[in-house]
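Undergrad: Here you go, this is coords-v2.txt (compact mmCIF, C-alpha atoms and all ligand atoms).
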```txt
# COMPACT_ATOMS: atom_id res chain seq x y z
CA MET A 1 96.47 110.13 117.65
CA THR A 2 97.63 106.58 118.33
CA SER A 3 100.39 105.41 116.07
CA ALA A 4 99.62 102.59 113.64
CA GLY A 5 101.72 99.44 113.67
CA VAL A 6 103.25 98.75 110.27
CA ALA A 7 104.87 95.57 109.00
CA VAL A 8 107.19 96.26 106.07
CA PHE A 9 107.65 93.40 103.62
CA LEU A 10 110.73 93.57 101.41
CA SER A 11 113.05 91.43 99.32
CA GLY A 12 115.93 93.74 98.41
CA ARG A 13 117.74 97.02 98.85
CA GLY A 14 114.98 98.57 100.94
CA SER A 15 115.34 102.24 100.05
CA ASN A 16 111.57 102.77 100.26
CA PHE A 17 111.56 101.12 103.67
CA VAL A 18 114.37 103.44 104.81
CA ALA A 19 112.51 106.50 103.49
CA LEU A 20 109.31 105.42 105.23
CA HIS A 21 111.12 104.74 108.48
CA GLN A 22 112.84 108.12 108.36
CA ALA A 23 109.56 109.91 107.61
CA MET A 24 108.04 108.24 110.69
CA GLN A 25 111.04 109.24 112.78
CA ARG A 26 110.62 112.85 111.61
CA GLY A 27 107.00 112.68 112.77
CA GLU A 28 105.57 112.96 109.28
CA VAL A 29 103.57 109.73 109.48
CA PRO A 30 101.77 108.69 112.70
CA ALA A 31 102.97 105.09 112.53
CA GLU A 32 105.78 102.88 113.68
CA ILE A 33 107.40 99.92 112.00
CA THR A 34 106.75 97.03 114.33
CA VAL A 35 108.39 94.32 112.19
CA VAL A 36 110.25 93.89 108.92
CA VAL A 37 109.57 90.70 106.99
CA SER A 38 111.88 89.51 104.23
CA ASN A 39 111.91 86.40 102.10
CA GLU A 40 115.57 87.12 101.33
CA PRO A 41 118.00 86.76 104.27
CA ASP A 42 120.66 88.91 102.60
CA ALA A 43 118.40 91.80 101.58
CA GLY A 44 119.90 95.25 102.15
CA GLY A 45 116.69 96.21 103.94
CA VAL A 46 117.25 93.46 106.49
CA ALA A 47 120.70 94.82 107.33
CA TYR A 48 119.30 98.34 107.78
CA ALA A 49 116.47 97.06 110.00
CA ARG A 50 118.95 95.24 112.23
CA GLU A 51 121.18 98.32 112.46
CA GLN A 52 118.13 100.28 113.57
CA GLY A 53 117.15 97.67 116.12
CA LEU A 54 113.87 96.91 114.37
CA PRO A 55 112.48 93.39 114.71
CA VAL A 56 113.17 91.30 111.60
CA GLU A 57 111.51 88.08 110.52
CA VAL A 58 113.25 86.28 107.66
CA VAL A 59 110.89 83.81 106.02
CA PRO A 60 112.59 82.32 102.96
CA HIS A 61 110.25 81.28 100.19
CA ARG A 62 112.75 78.79 98.79
CA GLY A 63 112.11 75.42 100.33
CA ALA A 64 108.95 76.68 102.05
CA GLY A 65 106.76 74.17 100.23
CA GLY A 66 104.92 76.50 97.87
CA ARG A 67 103.12 79.81 98.09
CA LYS A 68 100.39 78.75 100.49
CA ALA A 69 102.85 77.24 102.91
CA HIS A 70 105.13 80.27 102.66
CA GLU A 71 102.25 82.64 103.41
CA ARG A 72 101.24 80.51 106.37
CA GLN A 73 104.80 80.85 107.68
CA VAL A 74 104.68 84.61 107.12
CA LEU A 75 101.41 84.86 109.07
CA GLU A 76 102.93 82.84 111.89
CA ALA A 77 105.95 85.14 111.89
CA LEU A 78 103.65 88.17 112.24
CA HIS A 79 102.07 86.69 115.32
CA GLY A 80 102.74 88.78 118.40
CA TYR A 81 103.52 91.98 116.47
CA ARG A 82 101.07 94.86 116.22
CA VAL A 83 100.23 94.91 112.52
CA ASP A 84 97.58 97.41 111.50
CA TRP A 85 99.05 97.90 108.04
CA ILE A 86 101.41 96.04 105.73
CA CYS A 87 103.62 98.10 103.43
CA LEU A 88 105.14 96.15 100.56
CA ALA A 89 108.44 97.79 99.67
CA GLY A 90 110.09 95.85 96.90
CA TYR A 91 108.57 92.56 98.09
CA MET A 92 109.01 90.25 95.13
CA ARG A 93 106.19 87.86 95.96
CA LEU A 94 102.61 87.97 94.76
CA LEU A 95 100.18 87.69 97.66
CA SER A 96 97.29 85.25 97.39
CA ALA A 97 93.67 86.39 97.61
CA ALA A 98 93.40 84.62 100.96
CA PHE A 99 96.33 86.59 102.39
CA VAL A 100 95.06 89.89 100.97
CA ASP A 101 91.62 89.22 102.49
CA ARG A 102 93.19 88.80 105.92
CA PHE A 103 94.33 92.43 105.70
CA ALA A 104 91.62 93.81 103.41
CA GLU A 105 92.30 97.45 102.49
CA ARG A 106 95.28 97.44 104.83
CA ILE A 107 98.08 96.47 102.43
CA LEU A 108 99.95 99.08 100.41
CA ASN A 109 102.39 98.64 97.56
CA ILE A 110 104.67 101.00 95.69
CA HIS A 111 105.26 100.54 91.99
CA PRO A 112 107.64 102.47 89.72
CA SER A 113 105.18 103.40 86.97
CA LEU A 114 102.04 105.43 86.56
CA LEU A 115 99.55 102.59 86.84
CA PRO A 116 97.59 101.22 85.11
CA SER A 117 100.41 101.67 82.58
CA PHE A 118 103.25 99.20 82.93
CA PRO A 119 102.41 96.76 85.71
CA GLY A 120 104.89 93.95 86.43
CA LEU A 121 108.67 93.99 86.20
CA ASN A 122 111.31 96.05 84.36
CA VAL A 123 108.77 98.79 83.94
CA GLN A 124 111.16 101.73 83.60
CA GLN A 125 112.69 100.08 80.50
CA ALA A 126 109.18 99.28 79.24
CA ALA A 127 108.21 102.96 79.63
CA LEU A 128 111.33 104.03 77.69
CA ASP A 129 110.68 101.45 74.99
CA HIS A 130 107.14 102.73 74.66
CA GLY A 131 108.36 106.29 74.25
CA VAL A 132 106.36 107.83 77.09
CA ARG A 133 107.26 111.42 77.99
CA ILE A 134 105.93 111.29 81.55
CA ALA A 135 106.75 108.46 83.94
CA GLY A 136 106.37 108.15 87.68
CA CYS A 137 105.30 106.00 90.57
CA THR A 138 102.10 104.78 92.18
CA VAL A 139 101.23 103.84 95.73
CA HIS A 140 98.17 101.64 95.73
CA LEU A 141 96.12 99.42 97.97
CA VAL A 142 96.78 95.78 97.21
CA ASP A 143 94.18 93.44 95.84
CA SER A 144 94.88 89.95 94.57
CA GLY A 145 95.81 91.15 91.06
CA LEU A 146 99.22 92.26 89.84
CA ASP A 147 99.73 95.98 90.64
CA SER A 148 96.00 96.44 90.23
CA GLY A 149 94.50 97.78 93.47
CA PRO A 150 92.98 101.23 94.12
CA ILE A 151 95.43 104.10 93.64
CA VAL A 152 96.27 106.30 96.64
CA VAL A 153 99.08 108.59 95.43
CA GLN A 154 100.92 109.07 92.15
CA ARG A 155 103.89 111.29 91.41
CA ALA A 156 105.10 112.06 87.92
CA VAL A 157 108.57 112.74 86.51
CA PRO A 158 109.60 113.73 83.00
CA VAL A 159 111.37 111.31 80.70
CA LEU A 160 114.40 113.18 79.38
CA ASP A 161 116.08 112.72 76.03
CA GLY A 162 118.96 110.33 76.47
CA ASP A 163 117.51 108.65 79.56
CA ASP A 164 118.40 105.02 80.08
CA ALA A 165 116.60 102.74 82.52
CA ALA A 166 119.06 103.54 85.31
CA ALA A 167 118.64 107.31 84.96
CA LEU A 168 114.87 107.11 84.75
CA SER A 169 114.68 104.65 87.66
CA ALA A 170 116.72 106.98 89.86
CA ARG A 171 114.47 109.94 89.04
CA ILE A 172 111.36 107.89 89.80
CA LEU A 173 112.86 106.45 92.99
CA GLU A 174 113.31 109.94 94.48
CA GLN A 175 109.58 110.46 94.07
CA GLU A 176 108.78 106.99 95.43
CA HIS A 177 110.45 107.97 98.67
CA VAL A 178 108.13 110.96 99.02
CA ALA A 179 105.01 109.21 97.73
CA TYR A 180 105.02 106.26 100.12
CA ALA A 181 105.05 108.39 103.26
CA GLU A 182 102.48 110.74 101.76
CA ALA A 183 100.12 107.87 100.92
CA LEU A 184 100.36 106.18 104.31
CA ASN A 185 99.97 109.49 106.10
CA ARG A 186 96.85 110.37 104.14
CA LEU A 187 95.27 106.98 104.81
CA LEU A 188 96.04 107.26 108.51
CA THR A 189 95.00 110.84 109.06
CA GLU A 190 92.14 111.44 106.63
CA THR A 191 88.68 110.02 106.17
CA TRP A 192 88.43 107.85 103.07
CA ARG A 193 86.47 105.06 101.50
CA ILE A 194 86.71 102.83 98.47
CA GLU A 195 84.17 103.56 95.75
CA GLY A 196 84.36 101.18 92.81
CA ARG A 197 88.10 100.99 92.30
CA CYS A 198 88.76 104.54 93.55
CA VAL A 199 90.02 105.74 96.90
CA ARG A 200 87.82 108.72 97.83
CA PHE A 201 89.21 111.08 100.45
CA ALA A 202 86.66 113.28 102.24
CA ALA A 203 87.21 116.98 101.70
CA LYS A 204 88.92 118.53 104.72
CA ALA A 205 86.90 121.16 106.59
CA SER A 206 89.27 123.90 105.33
CA GLU A 207 88.68 122.78 101.72
CA GLU A 208 84.90 122.74 101.91
CA VAL A 209 83.18 125.39 99.88
CA GLY A 210 80.48 127.61 101.41
C1 LIG B 301 110.99 100.11 93.88
O1 LIG B 301 111.24 100.65 92.62
C2 LIG B 301 109.53 99.81 94.06
O2 LIG B 301 108.70 100.71 93.39
C3 LIG B 301 109.41 98.44 93.48
O3 LIG B 301 110.58 97.77 93.84
C4 LIG B 301 111.62 98.73 94.05
C5 LIG B 301 112.13 98.51 95.43
O4 LIG B 301 113.22 99.36 95.71
N1 LIG B 301 108.21 97.78 93.92
P1 LIG B 301 113.74 99.49 97.20
O5 LIG B 301 114.07 98.08 97.66
O6 LIG B 301 112.65 100.09 98.02
O7 LIG B 301 114.95 100.35 97.12
```
Is it possible to express this structure as structure tokens?
TA:
Amino acid sequence: MTSAGVAVFLSGRGSNFVALHQAMQRGEVPAEITVVVSNEPDAGGVAYAREQGLPVEVVPHRGAGGRKAHERQVLEALHGYRVDWICLAGYMRLLSAAFVDRFAERILNIHPSLLPSFPGLNVQQAALDHGVRIAGCTVHLVDSGLDSGPIVVQRAVPVLDGDDAAALSARILEQEHVAYAEALNRLLTETWRIEGRCVRFAAKASEEVG
């Protein structure tokens, strides 16, 4: 199987990026990170990418002249890299419909809640404030809405008595690191289609009845 070229977009610490990269290095996902794009020059993920010798394109949004202009600069920066998929990993920018259309059904995002509950920011605290007993994370295809595209993988964790946002976030993050690689691997190795707002995976031969 040929390996897919993945551009990782990030703005911060980059632990999901690291987990994805390591899963690829272990051979668990038939893909390679061909470029890391960050709007934040000092992001932890940028430092890791450089240590690993991965190509990095820093495209600051501040001073870019607005969202459209920033996205144009991002597209220019991607030029020359093999980009079959884009994985958003803590990328703190909403993508326009025009950008999403350029990579239709080829952009993934990871979000630290069980969508459609708690889209947006500070969602672990929102889950605690709501009193949910089960929290988790979602990997989804990106559409032009906020955390609204078709769901690929979800993993759940319990909310424990006495949890604060930091404790719950850490428990969810562990599952994020598993979920992202699982989602990308499934999309790359299985047959699937979008039906309505659902991702439908074809049953594998071994799972077929009869
Ligand atoms: C993660 O919680 C992810 O779900 C959200 O932003 C956070 C990024 O963390 N979209 P990291 O930079 O991958 O460590």
Undergrad: Counting all atoms listed in the file, what are the residues, protein, DNA or RNA alike, that approach ligand LIG 301 (chain B) to within 10 Å? I want them as number ranges by chain.
TA: A: 9-20, 43-45, 88-92, 109-113, 120-124, 136-139, 147, 169-170, 172-177, 180
Undergrad: What is the CA of Ala97 in chain A-CA of Thr2 in chain A distance in Å, reported with one decimal?
TA: 29.2 Å
Undergrad: Give me the box for range 178-188 of chain A as JSON, namely the centre and edge lengths in Å to one decimal of a box along x, y and z that holds every listed atom plus 8 Å on each side.
TA:
```
{"center_x": 101.7, "center_y": 108.6, "center_z": 103.1, "size_x": 28.9, "size_y": 20.8, "size_z": 26.8}
```
Undergrad: As an exercise, work out the distance from CA of Val56 in chain A to CA of Val8 in chain A in Å and give it to one decimal place.
TA: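 Value for the CA of Val56 in chain A-CA of Val8 in chain A distance: 9.5 Å.
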Undergrad: Between A:Val35, A:Ala4, A:Cys87, A:Ile134, which residue has the minimum interatomic distance to Ala183 in chain A, considering only C-alpha atoms?
TA: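 Nearest to Ala183 in chain A: A:Cys87.
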Undergrad: Here is a test: counting all atoms listed in the file, which residue of A:Leu114, A:Ile33, A:Glu195, A:Pro41 is nearest to Gly53 in chain A?
TA: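 Result for the nearest residue to Gly53 in chain A: A:Ile33.
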Undergrad: Neighbours of Met24 in chain A within 10 Å (only C-alpha atoms; same-chain residues fewer than 6 positions away dropped), as a ChimeraX atom specification?
TA: /A:3,18,30-33,181,185
Undergrad: Report, in Å to a single decimal, how far apart CA of Leu108 in chain A and CA of Leu168 in chain A are.
TA: 23.1 Å
Undergrad: Ranking A:Pro55, A:Gly27, A:Pro150, A:Gly145 by minimum distance to Tyr81 in chain A and counting all atoms listed in the file, which one comes first?
TA: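 Residue with the minimum atom-to-atom distance to Tyr81 in chain A: A:Pro55.
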Undergrad: Pick from A:Glu190, A:Glu57, A:Asp163, A:Asp42: nearest to Gly80 in chain A, with all atoms listed in the file counted?
TA: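 The answer is A:Glu57, which sits nearest to Gly80 in chain A.
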Undergrad: Which of these residues is nearest to Thr34 in chain A, using all atoms listed in the file: A:Glu51, A:Asp161, A:Asp84, A:Glu71?
TA: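 So, comparing all the options, the nearest one is A:Asp84.
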